[in-house]
Structure formats: C-alpha cells, structure tokens
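The next block is query-v4.cif, given as mmCIF, C-alpha atoms.
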```cif
data_structure
#
loop_
_atom_site.label_atom_id
_atom_site.label_comp_id
_atom_site.auth_asym_id
_atom_site.auth_seq_id
_atom_site.Cartn_x
_atom_site.Cartn_y
_atom_site.Cartn_z
CA MET A 672 6.32 15.22 -4.92
CA GLN A 673 10.10 14.76 -5.12
CA THR A 674 10.59 11.13 -5.98
CA ARG A 675 13.53 8.84 -5.37
CA THR A 676 13.93 8.36 -9.16
CA THR A 677 14.35 12.10 -9.63
CA ARG A 678 17.07 12.25 -6.98
CA LEU A 679 18.90 9.33 -8.57
CA THR A 680 18.65 10.96 -12.02
CA THR A 681 20.15 14.20 -10.68
CA ARG A 682 22.97 12.31 -8.97
CA ALA A 683 23.73 10.35 -12.17
CA ALA A 684 23.81 13.55 -14.20
CA ALA A 685 26.21 15.21 -11.75
CA THR A 686 28.51 12.19 -11.93
CA VAL A 687 28.67 12.42 -15.74
CA VAL A 688 29.56 16.13 -15.59
CA GLY A 689 32.35 15.47 -13.07
CA VAL A 690 33.90 12.77 -15.25
CA LEU A 691 33.89 15.03 -18.32
CA LEU A 692 35.52 17.92 -16.46
CA ALA A 693 38.19 15.68 -15.00
CA SER A 694 39.11 14.33 -18.46
CA GLY A 695 39.37 17.83 -19.95
CA CYS A 696 36.36 17.57 -22.29
CA GLY A 697 34.93 20.83 -23.55
CA SER A 698 31.77 22.34 -22.08
CA ALA A 699 29.96 21.90 -25.39
CA GLN A 700 29.82 18.15 -24.78
CA GLU A 701 28.40 18.38 -21.25
CA PRO A 702 24.73 19.13 -22.02
CA LYS A 703 24.57 16.19 -24.43
CA SER A 704 26.13 13.79 -21.92
CA VAL A 705 23.81 14.93 -19.14
CA ALA A 706 20.80 14.51 -21.42
CA GLU A 707 21.95 11.03 -22.40
CA ALA A 708 22.32 10.02 -18.75
CA SER A 709 18.85 11.36 -17.90
CA SER A 710 17.35 9.62 -20.92
CA ALA A 711 18.93 6.31 -19.95
CA THR A 712 17.56 6.55 -16.42
CA ALA A 713 14.09 7.38 -17.74
CA SER A 714 14.24 4.42 -20.10
CA ASP A 715 15.17 2.09 -17.25
CA LYS A 716 12.15 3.27 -15.28
CA ALA A 717 9.80 2.93 -18.25
CA ALA A 718 11.06 -0.60 -18.87
CA VAL A 719 9.56 -1.81 -15.58
CA ALA A 720 6.05 -2.93 -16.55
CA PRO A 721 3.38 -3.12 -13.83
CA LEU A 722 3.10 -6.52 -12.21
CA THR A 723 0.20 -8.61 -13.50
CA MET A 724 -2.48 -10.23 -11.38
CA ALA A 725 -0.83 -13.61 -11.92
CA GLN A 726 2.49 -12.21 -10.69
CA LEU A 727 0.90 -10.63 -7.64
CA LYS A 728 -0.78 -13.92 -6.75
CA ASP A 729 2.55 -15.70 -7.07
CA LEU A 730 4.23 -13.12 -4.80
CA ALA A 731 1.60 -13.47 -2.06
CA PHE A 732 2.20 -15.81 0.87
CA LYS A 733 1.71 -19.54 0.41
CA ASP A 734 0.66 -22.26 2.84
CA GLY A 735 3.50 -22.99 5.23
CA GLU A 736 4.95 -19.45 5.06
CA VAL A 737 2.81 -17.84 7.77
CA PRO A 738 2.98 -19.88 10.99
CA GLN A 739 0.90 -17.23 12.80
CA ALA A 740 -2.17 -18.07 10.70
CA HIS A 741 -4.40 -21.07 10.14
CA GLU A 742 -4.25 -22.69 6.72
CA PRO A 743 -5.22 -22.65 3.94
CA ILE A 744 -4.13 -19.11 3.08
CA GLU A 745 -6.22 -18.13 0.10
CA VAL A 746 -5.33 -15.43 -2.42
CA GLN A 747 -8.43 -13.83 -3.94
CA GLU A 748 -8.95 -11.92 -7.15
CA PRO A 749 -11.24 -8.86 -7.12
CA ARG A 750 -14.87 -9.34 -8.01
CA PRO A 751 -15.99 -8.19 -11.46
CA GLN A 752 -16.88 -4.51 -11.44
CA GLY A 753 -20.50 -3.95 -10.47
CA SER A 754 -21.03 -7.43 -9.03
CA GLY A 755 -20.80 -6.43 -5.36
CA GLN A 756 -23.18 -4.46 -3.17
CA SER A 757 -22.87 -0.69 -3.50
CA PHE A 758 -23.18 1.87 -0.70
CA PRO A 759 -23.70 5.65 -0.56
CA PRO A 760 -20.58 7.86 -0.57
CA ILE A 761 -18.99 8.55 2.81
CA SER A 762 -19.73 11.87 4.51
CA VAL A 763 -16.26 13.39 4.00
CA PRO A 764 -14.99 13.10 0.40
CA ALA A 765 -11.45 14.08 1.49
CA CYS A 766 -11.27 10.78 3.42
CA GLN A 767 -12.13 8.62 0.39
CA PRO A 768 -8.49 7.83 -0.54
CA LEU A 769 -8.15 5.97 2.78
CA ILE A 770 -10.72 3.48 1.51
CA ASP A 771 -9.89 3.42 -2.19
CA ILE A 772 -6.12 2.97 -1.96
CA ARG A 773 -6.16 0.23 0.66
CA ASN A 774 -8.59 -1.67 -1.58
CA GLY A 775 -6.47 -1.28 -4.73
CA LYS A 776 -9.03 0.85 -6.55
CA ARG A 777 -7.83 2.29 -9.91
CA SER A 778 -4.81 -0.02 -9.89
CA SER A 779 -3.56 -1.92 -12.93
CA ALA A 780 -4.04 -5.20 -11.04
CA HIS A 781 -4.60 -6.24 -7.42
CA VAL A 782 -5.27 -9.27 -5.23
CA PHE A 783 -6.47 -9.83 -1.67
CA GLN A 784 -5.30 -12.23 1.02
CA ILE A 785 -7.05 -13.17 4.28
CA PHE A 786 -5.18 -14.25 7.43
CA ASN A 787 -7.11 -16.18 10.08
CA TRP A 788 -4.73 -15.67 12.99
CA LYS A 789 -4.23 -18.28 15.67
CA LYS A 790 -4.09 -15.58 18.40
CA ASN A 791 -6.66 -13.11 17.06
CA ILE A 792 -10.04 -14.43 16.04
CA MET A 793 -10.86 -11.15 14.25
CA GLY A 794 -8.15 -11.74 11.64
CA GLY A 795 -6.17 -9.63 9.20
CA SER A 796 -5.78 -9.08 5.46
CA SER A 797 -3.52 -7.68 2.78
CA THR A 798 -4.04 -6.10 -0.63
CA LEU A 799 -1.25 -6.12 -3.22
CA ALA A 800 -1.75 -3.63 -6.05
CA SER A 801 0.36 -2.65 -9.05
CA TYR A 802 0.22 0.58 -11.04
CA GLU A 803 1.46 1.87 -14.39
CA GLU A 804 4.40 4.30 -14.60
CA ASP A 805 4.31 6.80 -11.69
CA LYS A 806 0.68 6.19 -10.73
CA ALA A 807 1.67 4.46 -7.47
CA GLU A 808 3.52 7.58 -6.33
CA GLN A 809 0.55 9.75 -7.26
CA ARG A 810 -1.90 7.53 -5.40
CA PHE A 811 0.33 7.41 -2.33
CA ALA A 812 0.55 11.21 -2.34
CA GLU A 813 -3.26 11.30 -2.32
CA LEU A 814 -3.28 8.95 0.67
CA LYS A 815 -0.83 11.08 2.66
CA LYS A 816 -2.80 14.23 1.83
CA ALA A 817 -6.00 12.58 3.07
CA LEU A 818 -4.35 11.46 6.31
CA ALA A 819 -3.20 15.03 6.96
CA THR A 820 -6.80 16.28 7.18
CA CYS A 821 -9.15 13.31 7.69
CA ARG A 822 -10.10 12.85 11.34
CA SER A 823 -13.51 11.18 11.05
CA TYR A 824 -16.21 10.23 8.59
CA GLU A 825 -19.56 8.47 8.46
CA GLY A 826 -20.78 5.87 6.04
CA GLU A 827 -22.87 2.78 5.50
CA GLY A 828 -21.67 -0.82 5.21
CA TYR A 829 -22.90 -4.40 5.26
CA VAL A 830 -23.99 -4.10 8.92
CA GLY A 831 -25.53 -0.64 8.60
CA PRO A 832 -24.44 2.95 9.34
CA PHE A 833 -21.10 3.59 11.06
CA LYS A 834 -18.94 6.46 12.25
CA VAL A 835 -15.17 6.22 12.04
CA LYS A 836 -12.50 8.06 14.01
CA VAL A 837 -9.13 8.22 12.22
CA THR A 838 -5.78 8.46 14.05
CA THR A 839 -2.27 8.12 12.65
CA GLU A 840 0.85 6.53 14.08
CA THR A 841 4.50 6.06 13.10
CA PRO A 842 4.76 3.37 10.39
CA PRO A 843 7.43 0.67 10.24
CA GLN A 844 10.51 1.49 8.16
CA VAL A 845 9.73 -0.60 5.09
CA GLY A 846 9.51 0.12 1.38
CA GLU A 847 10.16 3.51 -0.18
CA GLU A 848 7.40 5.19 1.82
CA ALA A 849 4.84 3.99 4.35
CA VAL A 850 1.95 5.25 6.48
CA ALA A 851 0.08 3.73 9.40
CA PHE A 852 -3.33 4.68 10.77
CA TRP A 853 -6.21 3.37 12.86
CA GLU A 854 -9.94 3.49 12.19
CA THR A 855 -11.99 3.18 15.37
CA ILE A 856 -15.72 2.49 15.38
CA PRO A 857 -17.70 2.50 18.67
CA VAL A 858 -19.65 -0.75 18.95
CA GLY A 859 -22.51 0.70 21.01
CA PRO A 860 -23.67 1.47 24.56
CA GLU A 861 -24.19 -2.19 25.39
CA GLN A 862 -20.62 -3.03 24.39
CA PRO A 863 -18.31 -0.13 25.27
CA GLU A 864 -15.22 -1.68 23.67
CA ALA A 865 -14.52 -0.18 20.26
CA ARG A 866 -13.84 -1.93 16.97
CA ASN A 867 -10.26 -1.05 16.03
CA GLU A 868 -8.68 -1.66 12.65
CA GLN A 869 -5.06 -0.89 11.91
CA PHE A 870 -3.88 -0.13 8.37
CA ILE A 871 -0.24 -0.11 7.28
CA VAL A 872 0.19 0.96 3.66
CA VAL A 873 3.56 0.69 1.89
CA ARG A 874 4.76 1.75 -1.54
CA THR A 875 7.72 0.09 -3.23
CA GLY A 876 8.32 0.98 -6.86
CA ASN A 877 5.09 0.70 -8.85
CA THR A 878 3.26 -1.30 -6.17
CA ILE A 879 1.27 -0.44 -3.06
CA ALA A 880 0.69 -3.06 -0.37
CA ALA A 881 -1.95 -2.47 2.31
CA PHE A 882 -2.11 -4.57 5.50
CA SER A 883 -4.96 -4.51 8.02
CA GLU A 884 -5.48 -5.98 11.47
CA LEU A 885 -8.94 -6.03 13.07
CA SER A 886 -9.52 -6.23 16.84
CA VAL A 887 -12.10 -5.30 19.46
CA GLY A 888 -10.95 -3.60 22.64
CA ALA A 889 -7.18 -3.95 22.69
CA ARG A 890 -5.32 -2.68 19.64
CA LEU A 891 -3.52 -5.50 17.82
CA SER A 892 -1.00 -4.89 15.02
CA PHE A 893 -0.27 -6.73 11.79
CA PRO A 894 3.06 -8.61 12.18
CA VAL A 895 5.83 -6.29 10.93
CA GLU A 896 7.99 -9.27 9.99
CA LEU A 897 5.35 -10.40 7.47
CA ILE A 898 5.05 -6.88 6.08
CA SER A 899 8.81 -6.70 5.53
CA ARG A 900 8.89 -10.06 3.77
CA GLN A 901 5.97 -9.21 1.49
CA VAL A 902 7.34 -5.79 0.57
CA GLU A 903 10.76 -7.27 -0.17
CA ARG A 904 9.16 -9.73 -2.59
CA LEU A 905 7.37 -6.92 -4.39
CA HIS A 906 10.58 -4.91 -4.57
CA ASN A 907 12.66 -7.78 -5.93
CA ALA A 908 10.03 -8.66 -8.55
CA GLN A 909 10.34 -5.19 -10.07
CA GLN A 910 14.10 -5.22 -10.54
CA PRO A 911 15.37 -5.29 -14.18
#
```

Would you give me this structure, written as structure tokens?
Amino acid sequence: MQTRTTRLTTRAAATVVGVLLASGCGSAQEPKSVAEASSATASDKAAVAPLTMAQLKDLAFKDGEVPQAHEPIEVQEPRPQGSGQSFPPISVPACQPLIDIRNGKRSSAHVFQIFNWKKNIMGGSSTLASYEEDKAEQRFAELKKALATCRSYEGEGYVGPFKVKVTTETPPQVGEEAVAFWETIPVGPEQPEARNEQFIVVRTGNTIAAFSELSVGARLSFPVELISRQVERLHNAQQP
C-alpha cells in the first residue's frame, strides 16, 4: 500500500535535487543528498514510539467532555489474555479482521470506552489502539481487504448463535484513512426489527480508533464530532 510517509519522502527528495541543481552542484553529489533526505525522514518516523496504555487512557474522553452521554465515562483496560470466555471461529475466516481490528487485537496497547447515551439506551463504545512502526497501516489494509469481500458470516456469542449481514457506507473524512460499515443481525420472527451496529474505524499515524453505535430498528450513528475530537487527540499525541 502506498503510504503518506512514502509520498512525503519522495517529495522531500525531489526538493533536495532541485536545490542542488539550482545552485550548480555537480551530479555526483545528488545521490548522497537524496539518500540523506530519505534517511532523515525514516529516522523521524522511527522516532515516534507507539503510545502506551497509560497514554491512551489519558487521551480518552473524561467526565464533562461528552454531554451526549451519562457519567461516569469509564476507560477500561483489556482483560488478561485467556481470562474471558472463548467462542468457536466465525464461519468466514476472511471476515475475521472486522472483529479483530475493531477490538485492538495484536496491537501494542489498547483501551476501551463505553458511552451510555442519553438518547439511545443501546449505547456506543470506542477502542483506541496503538501499533509499532508501520503495523497500523498493515492492519488497516487487512481491514479494507476484508470489507471488499465480506458480506456475511455466522458465529457464536454470549447470547448464542448469530448470523451477521455486512454492508459498507461512506466514512467521515477524519484521520489519514477511515472506513465505515454496518453489521445487521435479525432478532427473530417475534421481533422483526433487526439489531444494527455501526462501526467507524480510523487510522491516524500508528493508532487505530474504532467507534461503534448499537441500535435496534432505526440505524443510529456514532457522533462524528466526537470521532473528530478523539482522532485529533491521537494525531497530536504522536507529533515529535
């Protein structure tokens, strides 16, 4: 995948070459200058360490910052590996990144936050995850590949077996890249209204933030204003 860092590196290298030509420097110096510019850009990228769990918790929303939700707004750390209930694999392995990435699996660190909305009793949540080096870009590429082919899957959860229908939609313009999709689960013949859950997943730098909004019947969306504010915090925290 062509990354933003690569484009910036190429642009920086071209600028160095132009300056050397304009000042009359010989061509023998150009390869060295270009290499130095590329090396400097790579060093800048490597210098950005992944955000820690403590940093992610500090960047999450605090009481008083989300008027749409009841307080307190709790930030949760993941459970120790192996401490939760396990379930069989879903029926379509190609759909697995939809579940793993929104839950921060294989991240360097991640935290969860629950929002008990005042106008939606079903509530919403967010997951903030950080990754080492270019792992966030790799994971996001896996997510986009899964969304290109995954249309449905079956699995088993805390309330028993379920079947999910997956549909995509245009994401908000936030972060460096973003996707938005819905997972719809029929409730049953006695209750024709479906269980709808919206997911908006955003990458900025070495972090991926996933936001979800659960509703039954009408489709309700996670507030875009909150997404923008959270992503901006993650972006600013990664600046040198």

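Minimum atom-to-atom distance to Ser779 of chain A, evaluated using only C-alpha atoms, belongs to A:Ile879 out of A:Gln747, A:Ile879, A:Ser823, A:Glu848.
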
Report as an mmCIF file with C-alpha atoms, in the frame of the given file the full result of the PyMOL selection byres ((chain A and resi 787-803) around 8) when it is applied to this structure.
```
data_model
loop_
_atom_site.group_PDB
_atom_site.id
_atom_site.type_symbol
_atom_site.label_atom_id
_atom_site.label_comp_id
_atom_site.auth_asym_id
_atom_site.auth_seq_id
_atom_site.Cartn_x
_atom_site.Cartn_y
_atom_site.Cartn_z
ATOM 1 C CA ALA A 720 6.050 -2.930 -16.550
ATOM 2 C CA PRO A 721 3.380 -3.120 -13.830
ATOM 3 C CA LEU A 722 3.100 -6.520 -12.210
ATOM 4 C CA THR A 723 0.200 -8.610 -13.500
ATOM 5 C CA LEU A 727 0.900 -10.630 -7.640
ATOM 6 C CA ALA A 731 1.600 -13.470 -2.060
ATOM 7 C CA GLN A 739 0.900 -17.230 12.800
ATOM 8 C CA ALA A 740 -2.170 -18.070 10.700
ATOM 9 C CA HIS A 741 -4.400 -21.070 10.140
ATOM 10 C CA GLU A 742 -4.250 -22.690 6.720
ATOM 11 C CA ARG A 773 -6.160 0.230 0.660
ATOM 12 C CA ASN A 774 -8.590 -1.670 -1.580
ATOM 13 C CA GLY A 775 -6.470 -1.280 -4.730
ATOM 14 C CA SER A 778 -4.810 -0.020 -9.890
ATOM 15 C CA SER A 779 -3.560 -1.920 -12.930
ATOM 16 C CA ALA A 780 -4.040 -5.200 -11.040
ATOM 17 C CA HIS A 781 -4.600 -6.240 -7.420
ATOM 18 C CA VAL A 782 -5.270 -9.270 -5.230
ATOM 19 C CA PHE A 783 -6.470 -9.830 -1.670
ATOM 20 C CA GLN A 784 -5.300 -12.230 1.020
ATOM 21 C CA ILE A 785 -7.050 -13.170 4.280
ATOM 22 C CA PHE A 786 -5.180 -14.250 7.430
ATOM 23 C CA GLU A 804 4.400 4.300 -14.600
ATOM 24 C CA ASP A 805 4.310 6.800 -11.690
ATOM 25 C CA LYS A 806 0.680 6.190 -10.730
ATOM 26 C CA ALA A 807 1.670 4.460 -7.470
ATOM 27 C CA ASN A 877 5.090 0.700 -8.850
ATOM 28 C CA THR A 878 3.260 -1.300 -6.170
ATOM 29 C CA ILE A 879 1.270 -0.440 -3.060
ATOM 30 C CA ALA A 880 0.690 -3.060 -0.370
ATOM 31 C CA ALA A 881 -1.950 -2.470 2.310
ATOM 32 C CA PHE A 882 -2.110 -4.570 5.500
ATOM 33 C CA SER A 883 -4.960 -4.510 8.020
ATOM 34 C CA GLU A 884 -5.480 -5.980 11.470
ATOM 35 C CA LEU A 885 -8.940 -6.030 13.070
ATOM 36 C CA SER A 886 -9.520 -6.230 16.840
ATOM 37 C CA VAL A 887 -12.100 -5.300 19.460
ATOM 38 C CA PHE A 893 -0.270 -6.730 11.790
#
```

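We find atom CA of Val830 of chain A and atom CA of Ala765 of chain A to be spaced 23.3 Å apart.
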
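This file, filtered with the PyMOL selection byres ((chain A and resi 841) around 10), gives the residues A:Thr839, A:Glu840, A:Pro842, A:Pro843, A:Gln844, A:Ala849, A:Val850, A:Ala851, A:Phe852, A:Ile871.
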
Restricting the output to C-alpha atoms, write the selected residues as a CSV table (one decimal), keeping the file's coordinate frame.
```csv
chain,number,residue,atom,x,y,z
A,839,THR,CA,-2.3,8.1,12.6
A,840,GLU,CA,0.8,6.5,14.1
A,842,PRO,CA,4.8,3.4,10.4
A,843,PRO,CA,7.4,0.7,10.2
A,844,GLN,CA,10.5,1.5,8.2
A,849,ALA,CA,4.8,4.0,4.4
A,850,VAL,CA,2.0,5.2,6.5
A,851,ALA,CA,0.1,3.7,9.4
A,852,PHE,CA,-3.3,4.7,10.8
A,871,ILE,CA,-0.2,-0.1,7.3
```

Problem set entry | Answer key for the PyMOL selection byres ((chain A and resi 867) around 8), residues as JSON, numbers by chain | {"A": [853, 854, 855, 856, 865, 866, 868, 869, 885, 886, 887, 888, 889, 890]}

Write out the residues from the selection above, keeping C-alpha atoms, as an mmCIF file, in the frame of the given file.
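The file below, part-v9.cif, is the result:
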```cif
data_model
loop_
_atom_site.group_PDB
_atom_site.id
_atom_site.type_symbol
_atom_site.label_atom_id
_atom_site.label_comp_id
_atom_site.auth_asym_id
_atom_site.auth_seq_id
_atom_site.Cartn_x
_atom_site.Cartn_y
_atom_site.Cartn_z
ATOM 1 C CA TRP A 853 -6.210 3.370 12.860
ATOM 2 C CA GLU A 854 -9.940 3.490 12.190
ATOM 3 C CA THR A 855 -11.990 3.180 15.370
ATOM 4 C CA ILE A 856 -15.720 2.490 15.380
ATOM 5 C CA ALA A 865 -14.520 -0.180 20.260
ATOM 6 C CA ARG A 866 -13.840 -1.930 16.970
ATOM 7 C CA GLU A 868 -8.680 -1.660 12.650
ATOM 8 C CA GLN A 869 -5.060 -0.890 11.910
ATOM 9 C CA LEU A 885 -8.940 -6.030 13.070
ATOM 10 C CA SER A 886 -9.520 -6.230 16.840
ATOM 11 C CA VAL A 887 -12.100 -5.300 19.460
ATOM 12 C CA GLY A 888 -10.950 -3.600 22.640
ATOM 13 C CA ALA A 889 -7.180 -3.950 22.690
ATOM 14 C CA ARG A 890 -5.320 -2.680 19.640
#
```

What lies within 9 Å of Lys733 of chain A using all atoms listed in the file, ignoring chain neighbours under 2 positions off, as a JSON list (two decimals) with C-alpha atoms, keeping the file's coordinate frame?
```json
[["chain", "number", "residue", "atom", "x", "y", "z"],
["A", 729, "ASP", "CA", 2.55, -15.70, -7.07],
["A", 730, "LEU", "CA", 4.23, -13.12, -4.80],
["A", 731, "ALA", "CA", 1.60, -13.47, -2.06],
["A", 735, "GLY", "CA", 3.50, -22.99, 5.23],
["A", 736, "GLU", "CA", 4.95, -19.45, 5.06],
["A", 737, "VAL", "CA", 2.81, -17.84, 7.77],
["A", 743, "PRO", "CA", -5.22, -22.65, 3.94],
["A", 744, "ILE", "CA", -4.13, -19.11, 3.08],
["A", 745, "GLU", "CA", -6.22, -18.13, 0.10],
["A", 746, "VAL", "CA", -5.33, -15.43, -2.42]]
```

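From atom CA of Arg904 of chain A back to atom CA of Thr875 of chain A, the distance works out to 9.9 Å.
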
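Nearest to Ile898 of chain A of all the residues A:Gly846, A:Gln910, A:Pro751, A:Ile772 is A:Gly846, counting only C-alpha atoms.
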
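Shortest separation to Leu818 of chain A among A:Met724, A:Val872, A:Lys834, A:Pro857 occurs at residue A:Val872, atoms counted being all atoms listed in the file.
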
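Atom CA of Cys766 of chain A lies 28.7 Å from atom CA of Lys728 of chain A.
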